[in-house]
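Printed here is my_file_34.tsv (TSV, C-alpha atoms and all ligand atoms):
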```
chain	number	residue	atom	x	y	z
C	1	MET	CA	-1.06	-12.65	-9.29
C	2	LYS	CA	2.40	-11.25	-9.17
C	3	LEU	CA	3.26	-8.69	-6.49
C	4	SER	CA	6.17	-6.27	-6.92
C	5	ILE	CA	7.25	-4.05	-4.05
C	6	HIS	CA	8.32	-0.57	-5.11
C	7	GLY	CA	8.20	1.09	-1.69
C	8	CYS	CA	8.39	-0.54	1.75
C	9	ARG	CA	9.39	2.45	3.88
C	10	GLY	CA	6.94	4.24	6.18
C	11	SER	CA	6.36	7.95	6.73
C	12	ALA	CA	9.40	9.45	4.99
C	13	ALA	CA	11.60	8.27	2.15
C	14	THR	CA	15.15	7.56	3.16
C	15	SER	CA	18.44	7.32	1.31
C	16	SER	CA	21.44	6.11	3.22
C	17	PRO	CA	24.07	3.38	3.00
C	18	SER	CA	22.52	1.92	6.17
C	19	THR	CA	19.07	1.45	4.56
C	20	HIS	CA	20.22	0.57	1.06
C	21	ASN	CA	19.41	-3.17	1.17
C	22	TYR	CA	15.75	-2.91	2.17
C	23	GLY	CA	15.28	0.33	0.26
C	24	GLY	CA	14.01	3.77	1.12
C	25	ASN	CA	10.97	4.41	-1.05
C	26	THR	CA	7.60	4.94	0.63
C	27	SER	CA	4.54	2.73	0.10
C	28	CYS	CA	3.87	1.42	-3.38
C	29	PHE	CA	2.83	-2.16	-4.25
C	30	GLU	CA	2.07	-3.34	-7.78
C	31	VAL	CA	-0.06	-6.38	-8.52
C	32	ILE	CA	-0.20	-7.85	-12.03
C	33	THR	CA	-3.27	-9.97	-12.63
C	34	GLY	CA	-4.44	-11.65	-15.84
C	35	ASP	CA	-5.96	-8.47	-17.28
C	36	ASP	CA	-5.01	-5.62	-14.97
C	37	GLN	CA	-2.22	-3.72	-13.29
C	38	ILE	CA	-3.36	-2.76	-9.80
C	39	ILE	CA	-1.21	-0.44	-7.73
C	40	PHE	CA	-1.71	0.11	-4.01
C	41	ASP	CA	-0.56	3.60	-3.05
C	42	ALA	CA	1.70	6.06	-4.82
C	43	GLY	CA	4.43	6.71	-2.30
C	44	SER	CA	7.85	7.61	-3.68
C	45	GLY	CA	8.20	4.06	-5.05
C	46	PHE	CA	5.55	4.94	-7.64
C	47	LYS	CA	8.19	6.72	-9.69
C	48	ASN	CA	9.59	3.31	-10.70
C	49	ILE	CA	6.30	1.81	-11.93
C	50	LYS	CA	6.33	0.81	-15.59
C	51	PHE	CA	2.88	1.29	-17.06
C	52	SER	CA	1.56	-1.93	-18.54
C	53	LYS	CA	1.05	-1.83	-22.32
C	54	SER	CA	-1.46	-4.68	-22.32
C	55	ARG	CA	-3.37	-4.17	-19.07
C	56	ALA	CA	-5.60	-1.47	-17.60
C	57	SER	CA	-3.82	0.42	-14.80
C	58	PHE	CA	-5.55	1.22	-11.53
C	59	LEU	CA	-4.16	3.16	-8.59
C	60	LEU	CA	-5.97	2.44	-5.31
C	61	ILE	CA	-5.06	4.90	-2.60
C	62	SER	CA	-5.32	3.81	1.03
C	63	HIS	CA	-5.32	7.40	2.35
C	64	PHE	CA	-3.77	10.76	1.59
C	65	HIS	CA	-0.82	10.98	3.97
C	66	HIS	CA	2.22	12.23	2.06
C	67	ASP	CA	4.05	8.91	2.13
C	68	HIS	CA	1.19	7.28	0.19
C	69	ILE	CA	0.80	9.81	-2.63
C	70	GLN	CA	4.06	11.76	-2.95
C	71	GLY	CA	5.44	9.70	-5.86
C	72	LEU	CA	2.47	10.23	-8.17
C	73	PRO	CA	3.83	13.07	-10.38
C	74	PHE	CA	7.41	11.79	-10.37
C	75	ASN	CA	6.79	8.86	-12.68
C	76	PRO	CA	7.94	10.12	-16.09
C	77	GLU	CA	5.55	7.70	-17.85
C	78	LEU	CA	2.58	9.55	-16.35
C	79	PHE	CA	3.32	12.39	-18.75
C	80	ASP	CA	2.75	10.17	-21.80
C	81	PRO	CA	-0.93	10.69	-22.75
C	82	LYS	CA	-1.14	7.05	-23.89
C	83	ASN	CA	-0.63	5.83	-20.32
C	84	GLU	CA	-4.09	5.98	-18.82
C	85	ILE	CA	-4.38	5.45	-15.08
C	86	ILE	CA	-7.60	5.13	-13.12
C	87	ILE	CA	-7.35	6.49	-9.59
C	88	SER	CA	-9.78	5.40	-6.91
C	89	SER	CA	-10.06	4.84	-3.19
C	90	GLY	CA	-12.40	3.06	-0.82
C	91	LEU	CA	-11.77	5.81	1.74
C	92	CYS	CA	-14.13	8.49	0.46
C	93	ASP	CA	-16.26	9.87	-2.33
C	94	ILE	CA	-14.40	10.09	-5.66
C	95	GLU	CA	-14.91	13.88	-5.88
C	96	LEU	CA	-12.99	14.22	-2.63
C	97	VAL	CA	-10.25	11.92	-3.95
C	98	LYS	CA	-9.93	14.12	-7.04
C	99	GLN	CA	-10.01	17.39	-5.08
C	100	THR	CA	-7.38	16.15	-2.64
C	101	ILE	CA	-5.01	14.93	-5.36
C	102	ARG	CA	-5.48	18.21	-7.22
C	103	ARG	CA	-4.82	20.24	-4.06
C	104	CYS	CA	-1.61	18.33	-3.29
C	105	PHE	CA	-0.28	18.48	-6.84
C	106	SER	CA	-0.99	22.03	-7.92
C	107	PRO	CA	0.48	25.40	-6.85
C	108	PRO	CA	1.60	26.31	-4.25
C	109	TYR	CA	2.42	22.69	-3.29
C	110	PHE	CA	3.51	21.56	-6.77
C	111	PRO	CA	4.57	23.51	-9.88
C	112	ILE	CA	1.72	22.34	-12.13
C	113	ASP	CA	-1.88	21.21	-11.72
C	114	ILE	CA	-1.50	17.59	-12.85
C	115	VAL	CA	-5.21	16.74	-12.58
C	116	SER	CA	-6.17	19.53	-15.01
C	117	LEU	CA	-3.21	19.10	-17.34
C	118	LEU	CA	-2.99	15.32	-17.68
C	119	SER	CA	-6.15	13.95	-19.27
C	120	ASN	CA	-4.81	10.38	-18.99
C	121	ILE	CA	-5.40	10.58	-15.20
C	122	LYS	CA	-8.97	9.40	-14.64
C	123	PHE	CA	-10.96	9.12	-11.43
C	124	LEU	CA	-13.55	6.42	-10.91
C	125	PRO	CA	-15.76	5.71	-7.86
C	126	PHE	CA	-14.60	2.64	-5.95
C	127	LYS	CA	-17.85	0.77	-6.69
C	128	ALA	CA	-17.33	1.32	-10.42
C	129	VAL	CA	-13.77	-0.05	-10.15
C	130	GLN	CA	-15.11	-3.11	-8.32
C	131	GLU	CA	-17.62	-3.64	-11.14
C	132	LYS	CA	-15.00	-3.08	-13.84
C	133	LEU	CA	-12.69	-5.67	-12.32
C	134	GLY	CA	-15.56	-7.89	-11.26
C	135	LYS	CA	-15.57	-10.43	-14.09
C	136	VAL	CA	-12.27	-11.99	-13.05
C	137	ILE	CA	-11.19	-10.27	-9.86
C	138	SER	CA	-12.97	-9.61	-6.63
C	139	LEU	CA	-11.93	-6.34	-4.97
C	140	ASP	CA	-13.09	-5.37	-1.51
C	141	SER	CA	-12.16	-2.69	1.01
C	142	MET	CA	-12.25	-2.14	4.75
C	143	LEU	CA	-11.83	0.99	6.82
C	144	LEU	CA	-8.81	0.86	9.10
C	145	ASN	CA	-7.81	2.48	12.37
C	146	HIS	CA	-5.59	5.42	11.43
C	147	PRO	CA	-5.71	9.18	12.11
C	148	GLY	CA	-7.88	10.61	9.31
C	149	GLY	CA	-8.78	7.06	8.19
C	150	SER	CA	-7.15	4.57	5.89
C	151	THR	CA	-8.43	1.75	3.68
C	152	GLY	CA	-7.44	-1.89	3.55
C	153	TYR	CA	-7.91	-3.79	0.31
C	154	LYS	CA	-8.57	-7.40	-0.60
C	155	LEU	CA	-7.92	-8.82	-4.07
C	156	ILE	CA	-9.00	-12.29	-5.10
C	157	GLU	CA	-8.16	-13.78	-8.48
C	158	LYS	CA	-9.20	-17.37	-9.05
C	159	ASN	CA	-8.03	-19.10	-5.87
C	160	SER	CA	-5.41	-16.55	-4.83
C	161	SER	CA	-6.02	-13.79	-2.33
C	162	LEU	CA	-3.96	-10.81	-1.26
C	163	ILE	CA	-4.73	-8.38	1.57
C	164	TYR	CA	-3.20	-4.91	1.86
C	165	ILE	CA	-3.49	-3.41	5.36
C	166	CYS	CA	-1.49	-0.21	5.48
C	167	ASP	CA	-1.70	2.05	7.47
C	168	ASN	CA	-3.41	0.61	10.53
C	169	GLU	CA	-3.10	0.76	14.31
C	170	PHE	CA	-4.22	-2.66	15.42
C	171	GLU	CA	-6.64	-2.73	18.32
C	172	GLU	CA	-8.11	-5.73	20.01
C	173	ASP	CA	-11.70	-4.72	19.11
C	174	GLN	CA	-10.65	-4.82	15.45
C	175	ARG	CA	-9.51	-8.43	15.61
C	176	LYS	CA	-12.80	-10.03	14.59
C	177	SER	CA	-13.59	-7.80	11.60
C	178	LEU	CA	-10.00	-7.71	10.41
C	179	ALA	CA	-9.73	-11.49	10.69
C	180	ASN	CA	-12.98	-11.94	8.75
C	181	PHE	CA	-11.57	-9.68	6.06
C	182	SER	CA	-8.24	-11.47	5.77
C	183	LYS	CA	-9.04	-15.05	6.86
C	184	ASN	CA	-6.86	-17.71	5.19
C	185	ALA	CA	-5.45	-15.25	2.65
C	186	ASP	CA	-2.45	-16.34	0.62
C	187	LEU	CA	-0.65	-13.09	1.40
C	188	LEU	CA	-1.25	-10.45	4.05
C	189	ILE	CA	0.65	-7.16	3.79
C	190	TRP	CA	0.86	-5.68	7.30
C	191	ASP	CA	1.89	-2.28	8.65
C	192	GLY	CA	4.66	-3.28	11.05
C	193	MET	CA	6.27	0.09	11.54
C	194	PHE	CA	7.04	-0.45	15.21
C	195	THR	CA	8.33	-3.17	17.48
C	196	GLN	CA	6.16	-3.98	20.49
C	197	GLU	CA	8.60	-2.11	22.72
C	198	GLU	CA	8.41	1.04	20.57
C	199	LEU	CA	4.63	0.86	20.38
C	200	ALA	CA	4.30	1.57	24.10
C	201	ASP	CA	4.74	5.33	23.66
C	202	LYS	CA	3.36	5.54	20.11
C	203	LYS	CA	-0.32	5.08	20.91
C	204	GLY	CA	-2.48	7.06	18.49
C	205	TRP	CA	0.25	7.31	15.86
C	206	GLY	CA	-1.74	4.99	13.62
C	207	HIS	CA	0.62	2.03	13.19
C	208	SER	CA	0.99	-1.55	14.42
C	209	SER	CA	3.89	-3.68	15.52
C	210	ILE	CA	5.55	-6.69	13.97
C	211	GLU	CA	4.68	-8.78	17.04
C	212	GLN	CA	1.01	-7.86	16.63
C	213	ALA	CA	1.11	-9.38	13.14
C	214	ILE	CA	2.38	-12.66	14.62
C	215	ASP	CA	-0.34	-12.62	17.25
C	216	PHE	CA	-3.07	-11.57	14.78
C	217	ASN	CA	-2.22	-14.40	12.44
C	218	THR	CA	-3.15	-16.94	15.10
C	219	THR	CA	-6.71	-15.75	14.33
C	220	ALA	CA	-6.45	-14.88	10.62
C	221	ASN	CA	-4.38	-17.89	9.57
C	222	CYS	CA	-2.88	-16.24	6.48
C	223	LYS	CA	-0.37	-18.33	4.55
C	224	LYS	CA	2.27	-15.65	4.14
C	225	ILE	CA	2.74	-12.31	5.90
C	226	LEU	CA	4.74	-9.45	4.51
C	227	ILE	CA	5.75	-6.78	7.02
C	228	THR	CA	6.06	-3.31	5.53
C	229	HIS	CA	6.03	0.44	6.37
C	230	HIS	CA	9.44	0.09	8.03
C	231	ALA	CA	10.31	3.03	10.27
C	232	PRO	CA	12.35	5.55	8.26
C	233	ASN	CA	15.48	5.15	10.37
C	234	ARG	CA	15.33	1.38	10.77
C	235	SER	CA	18.68	0.20	9.41
C	236	ASP	CA	19.35	-2.88	7.30
C	237	LYS	CA	21.21	-4.29	10.26
C	238	GLU	CA	18.21	-3.89	12.57
C	239	LEU	CA	15.83	-5.30	9.94
C	240	ASP	CA	18.11	-8.31	9.37
C	241	GLN	CA	18.12	-8.91	13.12
C	242	ILE	CA	14.30	-8.71	13.24
C	243	ALA	CA	14.01	-11.04	10.22
C	244	LYS	CA	16.13	-13.68	11.97
C	245	ASP	CA	13.63	-14.03	14.80
C	246	LEU	CA	10.48	-14.10	12.65
C	247	PRO	CA	8.35	-17.24	12.25
C	248	GLU	CA	8.69	-19.01	8.92
C	249	LEU	CA	5.61	-17.50	7.25
C	250	PHE	CA	6.85	-13.95	7.81
C	251	THR	CA	8.97	-11.87	5.44
C	252	LEU	CA	10.16	-8.29	5.68
C	253	ALA	CA	9.26	-6.23	2.60
C	254	ARG	CA	12.11	-4.78	0.60
C	255	ASP	CA	12.08	-2.60	-2.49
C	256	GLY	CA	12.44	-4.69	-5.63
C	257	LEU	CA	11.10	-7.92	-4.08
C	258	GLU	CA	8.66	-9.88	-6.24
C	259	ILE	CA	6.27	-12.50	-4.89
C	260	GLU	CA	4.05	-14.88	-6.80
C	261	VAL	CA	0.70	-15.08	-4.98
L	1	ZN	ZN	2.10	5.70	5.91
L	2	ZN	ZN	-0.78	7.31	7.23
```

Show me this structure written as structure tokens.
Amino acid sequence: MKLSIHGCRGSAATSSPSTHNYGGNTSCFEVITGDDQIIFDAGSGFKNIKFSKSRASFLLISHFHHDHIQGLPFNPELFDPKNEIIISSGLCDIELVKQTIRRCFSPPYFPIDIVSLLSNIKFLPFKAVQEKLGKVISLDSMLLNHPGGSTGYKLIEKNSSLIYICDNEFEEDQRKSLANFSKNADLLIWDGMFTQEELADKKGWGHSSIEQAIDFNTTANCKKILITHHAPNRSDKELDQIAKDLPELFTLARDGLEIEV
């Protein structure tokens, strides 16, 4: 599997000389497998996705907070009827996924009703997506701890596994189930919006810290950990400083980074 990061910023997109190196687009991760193009979340980074000509394209939404869907109608390729995309989510019933996307991207919130106008946007229940991918890829989901809910995803192709956990507020009583879900994975993508110091007065905001990822991995034993959902105002300088002190297996996500899993 090849992972491409199109959006590593949390909560709000940012554009500033001080955040230029890591990038300012909100959550969007693209995974290319043998037969499929699987995209986790459609934050503002989604506008840079190139639709695959030879693979089926799936968009798996973790939850509906703005920073995870706002890029959807800003990808010019979405307006080409040949580019079919299947949207799904493990969070809720597919009718609710469709209704919510329609509500967010139709008047008065958006100039046009993209769900009604673009017939290349399809919606498929999560179970049906699992079955569709099932011959070569195993796809699983897990509910996370986040206001309004969020979904984690696990992809396994042959012997490679990738876990996407964003957004999530790590709690000790989650350790066992989360570790079972992500045990020994080749790559774990972790919501590390806060530092441990910042987390102290951010309880209930729905995000974890970078230090919690380090601690959690003593249980989960993942081979590589990618920290994402950087706080909107976290500068390149601060992120470089954080990166310096990270254990070897840890990397900070940045827009444009590609990782072979
Ligand atoms: Zn978010
Ligand atoms: Zn969220």

### Query
Could you work out how far atom CA of His6 of chain C lies from atom CA of Arg254 of chain C, giving the answer in Å with one decimal?
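Going from atom CA of Arg254 of chain C over to atom CA of His6 of chain C covers 8.0 Å.
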
#### Entry: Nearby residues, ligand ZN 2 (chain L), 9 Å, only C-alpha atoms and all ligand atoms, as JSON, numbers by chain
{"C": [10, 11, 62, 63, 64, 65, 66, 67, 68, 146, 147, 148, 149, 150, 166, 167, 168, 205, 206, 207]}

### Task
Choose the residue, out of C:Leu96, C:Ala56, C:Ala179, C:Ile165, that has the smallest atom-to-atom separation from ligand ZN 1 (chain L); count all atoms listed in the file.
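Using all atoms listed in the file, the shortest distance to ligand ZN 1 (chain L) belongs to C:Ile165.
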
### Task
Considering all atoms listed in the file, return as a PyMOL selection string whatever protein or nucleic-acid residues lie within 10 Å of Ile189 of chain C, sequence-local ones (same chain, fewer than 6 positions apart) excluded.
chain C and resi 29+152-153+162-166+213+224-229+251-253

#### Entry: Exercise: Thr26 of chain C partners within 6 Å, only C-alpha atoms, chain neighbours under 5 positions left out, as an MDAnalysis selection string
chainID C and resid 7:10 13 43:45 67

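Atom CA of Ile137 of chain C to atom CA of Asp35 of chain C spans 9.3 Å [interatomic distance, one decimal].
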
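Note that the spacing between atom CA of Asp236 of chain C and atom CA of Tyr22 of chain C amounts to 6.3 Å.
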
#### Entry: Distance query segment 80-95 of chain C at most 10 Å, all atoms listed in the file, self and fewer than 6 positions along chain excluded, as JSON, numbers by chain
{"C": [37, 38, 39, 40, 41, 50, 51, 52, 53, 56, 57, 58, 59, 60, 61, 62, 63, 64, 101, 118, 119, 120, 121, 122, 123, 124, 125, 126, 127, 128, 129, 140, 141, 142, 143, 144, 148, 149, 150, 151, 152, 153]}

### Task
Kindly indicate which residue among C:Asn145, C:Asn221, C:Ser235, C:Ser27 lies nearest to ligand ZN 1 (chain L), using all atoms listed in the file for the distances.
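Of C:Asn145, C:Asn221, C:Ser235, C:Ser27, the one nearest ligand ZN 1 (chain L), counting all atoms listed in the file, is C:Ser27.
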
### Residue neighbourhood Thr19 of chain C, 8 Å, only C-alpha atoms, exclusion window fewer than 2 positions, as a PyMOL selection string
chain C and resi 14-17+21-24+233-236

### Task
Excluding Ser208 of chain C and any residue of its chain fewer than 6 positions from it, enumerate the residues within 6 Å of it, using all atoms listed in the file, and give them as JSON, numbers by chain.
{"C": [169, 170, 191, 192]}
